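Participant: Quick one: structure below, then a few questions.
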Amino acid sequence: MISMKEKIQGLWIALSMYSVFPTPKTEWNDQNMKSSICFFPVVGVLIGLVEYGLWLVLDRTGVGPLLRAAVLCVLPAFLSGGIHLDGFLDTCDALGSWKPPEEKLEIMKDSHSGAFAVMGGVIWGILSLGAYSGIGRDQILAVCLGFVLSRGYSGLGLLVLPKAKKTGLAQTFSKNAQTRGNILVLLVWIAAASAAMTVAVHWTGLACAACALVCFLWYRRMAEKTFGGITGDTEGFFLVVCELVTALCAALVR
């Protein structure tokens, strides 16, 4: 049984690992890490609140749509400390190599950025900029809730999907956190974020929630087929892709 103190420390671990928000100094141990994955969507809540607040400020001060879009698409990467974007770029390099799974995993471990990482980053930036420039007051709500939904699915994947390696960050977190209770909590987060999207933005929200689910199912198949399972880098790749797809859907479905 995890105590309330250990749950709170699990929250601090999640925030310190996956965001730049300041947290108290916390000891990392097996007990604390068991609940930390449940608080991964809390990071999305905080990012969504900051994103929505900044959107309101920029909108009311008359900032041009292009500059507003640029600031808003960069902000989530900054608030998450760039950890997910780093995994996205590493995975782009591996996917572009067309090597066997074992060699792809080695490419993801390489600290150098290859051509496919650069191309992936440019494509992500252009599509994000285009999506955010077409988002209005209602659609930004779906995008902000998407930060919660993507982290719910990412945490769920960490617990239920096969791992490509026996070591690494994904294996460490999943080993300590893999309980039915944690899986149930993440499913509640996913259901709550999807419902909130639908209630807040109606058909647009429903479409965004559906796209996030399809993105997760695609990620599961891609990771197992291409890498033999998930890694910390592929988790970052999924989160970035899921949020991009949500933003594009919000901009296109009105």
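Residues are named by chain letter and number: chains run A, B, ... in the order of the structure tokens, numbers start at 1 in each chain, and ligands are numbered from 1 in the order shown.
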List the spatial neighbours of A:Trp55 as a list of chain:residue names - criterion: any atom at most 12 Å away, only C-alpha atoms, same-chain residues fewer than 6 positions off excluded.
Facilitator: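 Listing them by chain and then by number gives A:Gly48, A:Leu49, A:Thr61, A:Gly62, A:Val63, A:Gly64, A:Pro65, A:Leu67, A:Arg68, A:Ala69, A:Ala70, A:Val71, A:Leu72, A:Cys73, A:Leu75, A:Tyr132, A:Ser133, A:Ile135, A:Gly136, A:Arg137, A:Asp138, A:Gln139, A:Ile140, A:Leu141, A:Val143, A:Cys144.
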Participant: Pick the closest to A:Ala196 from A:Pro24, A:Gly125, A:Gly146, A:Gly10: which is it, counting only C-alpha atoms?
Facilitator: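 Using only C-alpha atoms, A:Ala196 sits closest to A:Gly146.
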Participant: Would you return as JSON, numbers by chain the members of stretch 1-201 of chain A that DSSP assigns to alpha helix (DSSP H) on this structure's backbone?
Facilitator: {"A": [4, 5, 6, 7, 8, 9, 10, 11, 12, 13, 14, 15, 16, 17, 18, 30, 31, 32, 33, 34, 35, 36, 40, 41, 42, 43, 44, 45, 46, 47, 48, 49, 50, 51, 52, 53, 54, 55, 56, 57, 58, 59, 60, 65, 66, 67, 68, 69, 70, 71, 72, 73, 74, 75, 76, 77, 78, 79, 83, 84, 85, 86, 87, 88, 89, 90, 91, 92, 93, 94, 95, 96, 97, 101, 102, 103, 104, 105, 106, 107, 108, 109, 115, 116, 117, 118, 119, 120, 121, 122, 123, 124, 125, 126, 127, 128, 129, 130, 131, 132, 133, 139, 140, 141, 142, 143, 144, 145, 146, 147, 148, 149, 150, 151, 152, 153, 154, 155, 156, 157, 158, 159, 160, 169, 170, 171, 172, 173, 174, 175, 176, 177, 180, 181, 182, 183, 184, 185, 186, 187, 188, 189, 190, 191, 192, 193, 194, 195, 196, 197, 198, 199, 200, 201]}
Participant: What's around A:Lys25 at 12 Å? Count only C-alpha atoms, leave out sequence neighbours fewer than 5 positions away in its own chain, and write the answer as a VMD selection string.
Facilitator: chain A and resid 8 to 13 15 to 17
Participant: Show me, as number ranges by chain, the residues that have an atom within 12 Å of A:Gly81 when counting only C-alpha atoms, minus same-chain residues fewer than 4 positions from it.
Facilitator: A: 15-22, 43, 47, 74-77, 85-87, 236
Participant: When you count only C-alpha atoms, which of these residues is closest to A:Ala131: A:Thr234, A:Thr179, A:Thr246, A:Ser111?
Facilitator: A:Thr246
Participant: Tell me, in Å to one decimal, how far atom CA of A:Ala247 is from atom CA of A:Phe227.
Facilitator: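 Atom-to-atom, atom CA of A:Ala247 and atom CA of A:Phe227 are spaced 26.9 Å apart.
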